[in-house]
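See below for final_8.txt, which holds compact mmCIF, C-alpha atoms.
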```txt
# COMPACT_ATOMS: atom_id res chain seq x y z
CA GLY A 1 23.10 0.32 47.60
CA ASN A 2 19.48 1.51 47.50
CA ILE A 3 19.97 3.07 44.08
CA ALA A 4 21.24 -0.22 42.65
CA VAL A 5 18.10 -2.02 43.86
CA LEU A 6 15.81 0.68 42.41
CA PHE A 7 17.74 0.61 39.14
CA ALA A 8 17.43 -3.20 38.93
CA ILE A 9 13.67 -2.99 39.54
CA ALA A 10 13.25 -0.19 36.96
CA ALA A 11 15.48 -1.90 34.40
CA VAL A 12 13.13 -4.87 33.94
CA PRO A 13 10.18 -2.90 32.48
CA ILE A 14 12.50 -0.62 30.49
CA ILE A 15 14.25 -3.57 28.86
CA SER A 16 10.85 -5.21 28.26
CA PHE A 17 9.51 -2.10 26.49
CA VAL A 18 12.64 -1.76 24.37
CA GLY A 19 12.39 -5.45 23.43
CA ALA A 20 8.70 -5.07 22.58
CA ALA A 21 9.57 -2.06 20.38
CA ILE A 22 12.18 -4.12 18.55
CA ASP A 23 9.74 -6.99 17.96
CA TYR A 24 7.00 -4.59 16.84
CA THR A 25 9.42 -2.88 14.44
CA ARG A 26 10.34 -6.22 12.89
CA ALA A 27 6.65 -7.09 12.42
CA ASN A 28 5.88 -3.64 11.00
CA THR A 29 8.77 -3.96 8.53
CA ALA A 30 7.39 -7.31 7.37
CA ARG A 31 3.89 -5.80 7.01
CA SER A 32 5.20 -2.80 5.05
CA ALA A 33 7.08 -5.07 2.67
CA MET A 34 3.92 -7.16 2.29
CA GLN A 35 1.87 -4.03 1.50
CA ALA A 36 4.28 -3.06 -1.29
CA ALA A 37 4.21 -6.58 -2.73
CA LEU A 38 0.39 -6.74 -2.57
CA ASP A 39 0.06 -3.34 -4.28
CA THR A 40 2.24 -4.47 -7.15
CA THR A 41 0.50 -7.85 -7.33
CA ALA A 42 -2.95 -6.21 -7.57
CA LEU A 43 -1.80 -3.88 -10.34
CA MET A 44 -0.16 -6.71 -12.28
CA LEU A 45 -3.27 -8.90 -11.99
CA GLY A 46 -5.45 -6.03 -13.18
CA LYS A 47 -3.21 -5.54 -16.20
CA ASP A 48 -3.16 -9.26 -16.97
CA LEU A 49 -6.97 -9.48 -16.77
CA THR A 50 -7.37 -6.40 -18.97
CA ASP A 51 -4.89 -7.73 -21.55
CA GLY A 52 -6.52 -11.18 -21.48
CA THR A 53 -3.27 -12.98 -20.62
CA ILE A 54 -4.95 -14.79 -17.71
CA THR A 55 -8.47 -16.02 -17.04
CA THR A 56 -10.47 -15.63 -13.85
CA SER A 57 -9.68 -19.23 -12.89
CA GLN A 58 -5.96 -18.42 -12.93
CA ILE A 59 -6.17 -15.41 -10.62
CA SER A 60 -5.30 -17.17 -7.35
CA ALA A 61 -2.32 -19.04 -8.80
CA LYS A 62 -1.01 -15.94 -10.56
CA ALA A 63 -1.49 -13.81 -7.43
CA THR A 64 0.55 -16.28 -5.40
CA ALA A 65 3.26 -16.43 -8.07
CA TYR A 66 3.54 -12.64 -8.35
CA PHE A 67 3.50 -12.17 -4.60
CA ASN A 68 6.14 -14.83 -3.95
CA ALA A 69 8.41 -13.21 -6.53
CA LEU A 70 8.00 -9.78 -4.91
CA TYR A 71 7.91 -10.47 -1.17
CA THR A 72 11.45 -10.90 0.09
CA ASN A 73 11.07 -10.48 3.86
CA THR A 74 12.71 -13.51 5.43
CA GLU A 75 11.39 -12.99 8.97
CA ALA A 76 7.73 -13.46 8.08
CA GLN A 77 6.20 -16.90 8.57
CA SER A 78 2.84 -18.46 7.76
CA VAL A 79 2.41 -16.05 4.85
CA ALA A 80 -0.89 -16.46 2.99
CA VAL A 81 -2.29 -14.56 0.00
CA THR A 82 -5.81 -14.54 -1.43
CA ALA A 83 -7.24 -12.68 -4.40
CA THR A 84 -10.88 -11.72 -5.02
CA TYR A 85 -11.99 -10.52 -8.45
CA THR A 86 -15.18 -8.55 -9.04
CA ALA A 87 -16.14 -8.30 -12.71
CA ALA A 88 -17.24 -5.06 -14.34
CA SER A 89 -20.46 -3.81 -12.81
CA GLY A 90 -21.12 -0.30 -14.09
CA ASN A 91 -18.17 1.28 -12.31
CA GLY A 92 -15.44 -1.01 -13.57
CA SER A 93 -13.73 -4.15 -12.35
CA THR A 94 -11.81 -4.56 -9.11
CA ILE A 95 -9.39 -7.05 -7.68
CA GLN A 96 -8.61 -7.24 -3.98
CA VAL A 97 -5.50 -9.04 -2.78
CA ASN A 98 -5.28 -9.89 0.94
CA GLY A 99 -2.18 -11.04 2.76
CA SER A 100 -1.38 -12.23 6.26
CA GLY A 101 1.63 -13.50 8.13
CA SER A 102 3.42 -13.50 11.45
CA VAL A 103 6.85 -12.80 12.90
CA VAL A 104 8.41 -14.87 15.69
CA THR A 105 9.19 -12.55 18.60
CA GLN A 106 12.48 -12.50 20.43
CA PHE A 107 11.62 -10.41 23.46
CA MET A 108 7.83 -10.57 23.74
CA LYS A 109 7.77 -14.37 23.94
CA VAL A 110 8.92 -13.96 27.55
CA ALA A 111 5.64 -12.14 28.21
CA GLY A 112 3.58 -14.85 26.49
CA PHE A 113 3.50 -13.50 22.91
CA PRO A 114 5.51 -15.96 20.80
CA THR A 115 4.42 -14.38 17.50
CA LEU A 116 3.09 -11.08 16.20
CA GLY A 117 0.56 -11.44 13.39
CA PHE A 118 -0.17 -8.89 10.68
CA ASN A 119 -2.68 -8.47 7.84
CA THR A 120 -2.91 -6.08 4.94
CA SER A 121 -4.74 -5.75 1.63
CA SER A 122 -4.64 -3.91 -1.66
CA THR A 123 -7.35 -3.16 -4.21
CA ALA A 124 -6.93 -2.23 -7.87
CA ALA A 125 -9.83 -0.82 -9.91
CA TRP A 126 -9.99 -0.33 -13.65
CA GLY A 127 -12.46 -0.11 -16.47
CA ASN A 128 -15.36 2.15 -17.24
CA VAL A 129 -14.98 4.59 -14.37
CA ARG A 130 -16.03 8.20 -14.83
CA MET A 131 -13.48 10.69 -13.64
CA ARG A 132 -14.26 14.23 -12.70
CA VAL A 133 -11.55 16.77 -13.38
CA ALA A 134 -11.51 20.27 -11.97
CA LEU A 135 -9.34 23.03 -13.40
CA VAL A 136 -8.61 26.01 -11.19
CA LEU A 137 -7.47 29.22 -12.83
CA ASP A 138 -5.70 32.07 -11.08
CA VAL A 139 -7.43 35.31 -12.12
CA THR A 140 -5.96 37.55 -9.43
CA GLY A 141 -4.20 40.79 -10.20
CA SER A 142 -0.76 39.19 -10.30
CA MET A 143 -1.75 37.31 -13.47
CA ASP A 144 -2.40 40.61 -15.26
CA TYR A 145 1.31 41.34 -15.79
CA ASP A 146 3.74 40.11 -18.45
CA GLY A 147 1.01 38.50 -20.58
CA LYS A 148 0.32 35.74 -18.05
CA MET A 149 -3.47 35.92 -18.43
CA THR A 150 -3.20 35.86 -22.22
CA ALA A 151 -0.94 32.78 -22.08
CA MET A 152 -3.13 31.04 -19.51
CA LYS A 153 -6.26 30.95 -21.72
CA PRO A 154 -4.92 28.66 -24.50
CA ALA A 155 -3.05 26.54 -21.93
CA ALA A 156 -6.30 26.01 -19.99
CA ILE A 157 -8.14 24.98 -23.15
CA THR A 158 -5.37 22.52 -24.06
CA LYS A 159 -5.32 20.99 -20.56
CA ALA A 160 -9.11 20.66 -20.53
CA ARG A 161 -9.06 18.85 -23.90
CA VAL A 162 -6.33 16.46 -22.74
CA ALA A 163 -8.23 15.68 -19.53
CA ALA A 164 -11.42 15.03 -21.53
CA GLY A 165 -9.58 12.83 -24.03
CA VAL A 166 -10.30 15.18 -26.95
CA LYS A 167 -7.53 15.97 -29.41
```

Please re-express this file's structure in structure tokens.
Amino acid sequence: GNIAVLFAIAAVPIISFVGAAIDYTRANTARSAMQAALDTTALMLGKDLTDGTITTSQISAKATAYFNALYTNTEAQSVAVTATYTAASGNGSTIQVNGSGSVVTQFMKVAGFPTLGFNTSSTAAWGNVRMRVALVLDVTGSMDYDGKMTAMKPAAITKARVAAGVK
């Protein structure tokens, strides 16, 4: 009889924690799906701006359209998307897409948390950005056999030219 009472008392917090884990997992799934949709939206907006298919005044509408086509999570509510464009300023242009939403909880609402909110963002950069490329060559003794060192020299030159954009 005493064990049943202790089990009943211990079961309440255990069930609460399991329920909270389920609600958190649902919110995290919605946030992860939002992150993937925002990443794709930022890349698509960057491409559209580079190609000239949209103007800066169309960014918000196009961001919403892309995002709505990509985000398929049905549990998320109050979903909002904003896009901020920063024109080329020496290091290239950037576009930042922010998203937010919430998921109605099933278990945590008993504890006073009717919804779980989430936010995420994605940034795409393009343009006149200098890249630094490092090429590491293996010159240890193992490269001295079977003509590996001889073959590595022209391959390194070719790779360096490709990285520098020289033909």

For Ala27 (chain A), the nearest of the candidates A:Ile15, A:Ile157, A:Met108, A:Ala76, counting all atoms listed in the file: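 Ranked by minimum distance to Ala27 (chain A), first place goes to A:Ala76.
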
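Note that the spacing between CA of Thr56 (chain A) and CA of Tyr85 (chain A) amounts to 7.6 Å.
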
Minimum-distance residue to Ala125 (chain A), chosen among A:Ile14, A:Val5, A:Val79, A:Ala87 (using all atoms listed in the file):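 Checking each candidate against Ala125 (chain A), we get A:Ala87 as the closest.
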
Shell around region 20-26 of chain A at 8 Å using all atoms listed in the file, local window under 4 positions removed, as number ranges by chain: A: 16, 30, 75, 103, 105-108, 116

Write a file of the selected residues as a compact mmCIF listing (two decimals), keeping the file's coordinate frame, keeping C-alpha atoms.
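Written out: again22.txt:
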```
# COMPACT_ATOMS: atom_id res chain seq x y z
CA SER A 16 10.85 -5.21 28.26
CA ALA A 30 7.39 -7.31 7.37
CA GLU A 75 11.39 -12.99 8.97
CA VAL A 103 6.85 -12.80 12.90
CA THR A 105 9.19 -12.55 18.60
CA GLN A 106 12.48 -12.50 20.43
CA PHE A 107 11.62 -10.41 23.46
CA MET A 108 7.83 -10.57 23.74
CA LEU A 116 3.09 -11.08 16.20
```

Minimum-distance residue to Ser121 (chain A), chosen among A:Gln35, A:Thr29, A:Ser78, A:Ser57 (using all atoms listed in the file):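 Selected residue with least distance to Ser121 (chain A): A:Gln35.
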
Distance query region 146-155 of chain A at most 9 Å, all atoms listed in the file, self and fewer than 6 positions along chain excluded, as a ChimeraX atom specification: /A:137-139

Contacts of Thr115 (chain A) at 8 Å (all atoms listed in the file; same-chain gap of 2+ positions) as a ChimeraX atom specification: /A:102-105,109,113,117

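Shortest separation to Ala61 (chain A) among A:Val136, A:Leu45, A:Val12, A:Ala124 occurs at residue A:Leu45, atoms counted being all atoms listed in the file.
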
Within 10 Å of Leu43 (chain A), counting only C-alpha atoms, which residues show up once you throw out same-chain ones fewer than 5 positions away? Write them as a PDB file with C-alpha atoms, in the coordinates of the input, please.
```pdb
ATOM      1  CA  LEU A  38       0.390  -6.740  -2.570  1.00  0.00           C
ATOM      2  CA  ASP A  48      -3.160  -9.260 -16.970  1.00  0.00           C
ATOM      3  CA  LEU A  49      -6.970  -9.480 -16.770  1.00  0.00           C
ATOM      4  CA  ILE A  95      -9.390  -7.050  -7.680  1.00  0.00           C
ATOM      5  CA  GLN A  96      -8.610  -7.240  -3.980  1.00  0.00           C
ATOM      6  CA  VAL A  97      -5.500  -9.040  -2.780  1.00  0.00           C
ATOM      7  CA  SER A 122      -4.640  -3.910  -1.660  1.00  0.00           C
ATOM      8  CA  THR A 123      -7.350  -3.160  -4.210  1.00  0.00           C
ATOM      9  CA  ALA A 124      -6.930  -2.230  -7.870  1.00  0.00           C
ATOM     10  CA  ALA A 125      -9.830  -0.820  -9.910  1.00  0.00           C
ATOM     11  CA  TRP A 126      -9.990  -0.330 -13.650  1.00  0.00           C
TER      12      TRP A 126
END
```

Can you sort out region 75-89 of chain A so it carries N, CA, C and O atoms, written as a PDB file, in the coordinates of the input?
```pdb
ATOM      1  N   GLU A  75      11.833 -12.777   7.596  1.00  0.00           N
ATOM      2  CA  GLU A  75      11.390 -12.990   8.970  1.00  0.00           C
ATOM      3  C   GLU A  75       9.929 -13.421   9.070  1.00  0.00           C
ATOM      4  O   GLU A  75       9.517 -13.988  10.070  1.00  0.00           O
ATOM      5  N   ALA A  76       9.155 -13.144   8.045  1.00  0.00           N
ATOM      6  CA  ALA A  76       7.730 -13.460   8.080  1.00  0.00           C
ATOM      7  C   ALA A  76       7.516 -14.965   7.899  1.00  0.00           C
ATOM      8  O   ALA A  76       8.195 -15.612   7.112  1.00  0.00           O
ATOM      9  N   GLN A  77       6.562 -15.489   8.660  1.00  0.00           N
ATOM     10  CA  GLN A  77       6.200 -16.900   8.570  1.00  0.00           C
ATOM     11  C   GLN A  77       4.702 -17.019   8.373  1.00  0.00           C
ATOM     12  O   GLN A  77       3.966 -16.065   8.593  1.00  0.00           O
ATOM     13  N   SER A  78       4.262 -18.183   7.977  1.00  0.00           N
ATOM     14  CA  SER A  78       2.840 -18.460   7.760  1.00  0.00           C
ATOM     15  C   SER A  78       2.201 -17.416   6.851  1.00  0.00           C
ATOM     16  O   SER A  78       1.098 -16.936   7.099  1.00  0.00           O
ATOM     17  N   VAL A  79       2.898 -17.063   5.784  1.00  0.00           N
ATOM     18  CA  VAL A  79       2.410 -16.050   4.850  1.00  0.00           C
ATOM     19  C   VAL A  79       1.344 -16.675   3.948  1.00  0.00           C
ATOM     20  O   VAL A  79       1.541 -17.760   3.399  1.00  0.00           O
ATOM     21  N   ALA A  80       0.211 -15.993   3.840  1.00  0.00           N
ATOM     22  CA  ALA A  80      -0.890 -16.460   2.990  1.00  0.00           C
ATOM     23  C   ALA A  80      -1.415 -15.299   2.159  1.00  0.00           C
ATOM     24  O   ALA A  80      -1.483 -14.164   2.636  1.00  0.00           O
ATOM     25  N   VAL A  81      -1.775 -15.579   0.922  1.00  0.00           N
ATOM     26  CA  VAL A  81      -2.290 -14.560   0.000  1.00  0.00           C
ATOM     27  C   VAL A  81      -3.561 -15.075  -0.649  1.00  0.00           C
ATOM     28  O   VAL A  81      -3.621 -16.230  -1.077  1.00  0.00           O
ATOM     29  N   THR A  82      -4.580 -14.218  -0.717  1.00  0.00           N
ATOM     30  CA  THR A  82      -5.810 -14.540  -1.430  1.00  0.00           C
ATOM     31  C   THR A  82      -6.169 -13.387  -2.349  1.00  0.00           C
ATOM     32  O   THR A  82      -5.856 -12.230  -2.044  1.00  0.00           O
ATOM     33  N   ALA A  83      -6.825 -13.701  -3.447  1.00  0.00           N
ATOM     34  CA  ALA A  83      -7.240 -12.680  -4.400  1.00  0.00           C
ATOM     35  C   ALA A  83      -8.724 -12.849  -4.700  1.00  0.00           C
ATOM     36  O   ALA A  83      -9.198 -13.963  -4.910  1.00  0.00           O
ATOM     37  N   THR A  84      -9.448 -11.718  -4.723  1.00  0.00           N
ATOM     38  CA  THR A  84     -10.880 -11.720  -5.020  1.00  0.00           C
ATOM     39  C   THR A  84     -11.132 -10.775  -6.183  1.00  0.00           C
ATOM     40  O   THR A  84     -10.820  -9.583  -6.097  1.00  0.00           O
ATOM     41  N   TYR A  85     -11.712 -11.303  -7.240  1.00  0.00           N
ATOM     42  CA  TYR A  85     -11.990 -10.520  -8.450  1.00  0.00           C
ATOM     43  C   TYR A  85     -13.478 -10.219  -8.527  1.00  0.00           C
ATOM     44  O   TYR A  85     -14.315 -11.103  -8.337  1.00  0.00           O
ATOM     45  N   THR A  86     -13.802  -8.965  -8.816  1.00  0.00           N
ATOM     46  CA  THR A  86     -15.180  -8.550  -9.040  1.00  0.00           C
ATOM     47  C   THR A  86     -15.273  -8.011 -10.455  1.00  0.00           C
ATOM     48  O   THR A  86     -14.644  -6.999 -10.773  1.00  0.00           O
ATOM     49  N   ALA A  87     -16.034  -8.681 -11.294  1.00  0.00           N
ATOM     50  CA  ALA A  87     -16.140  -8.300 -12.710  1.00  0.00           C
ATOM     51  C   ALA A  87     -16.829  -6.951 -12.859  1.00  0.00           C
ATOM     52  O   ALA A  87     -17.491  -6.472 -11.945  1.00  0.00           O
ATOM     53  N   ALA A  88     -16.673  -6.369 -14.024  1.00  0.00           N
ATOM     54  CA  ALA A  88     -17.240  -5.060 -14.340  1.00  0.00           C
ATOM     55  C   ALA A  88     -18.715  -4.996 -13.985  1.00  0.00           C
ATOM     56  O   ALA A  88     -19.498  -5.844 -14.384  1.00  0.00           O
ATOM     57  N   SER A  89     -19.058  -3.985 -13.197  1.00  0.00           N
ATOM     58  CA  SER A  89     -20.460  -3.810 -12.810  1.00  0.00           C
ATOM     59  C   SER A  89     -20.775  -2.313 -12.806  1.00  0.00           C
ATOM     60  O   SER A  89     -20.939  -1.705 -11.765  1.00  0.00           O
TER      61      SER A  89
END
```
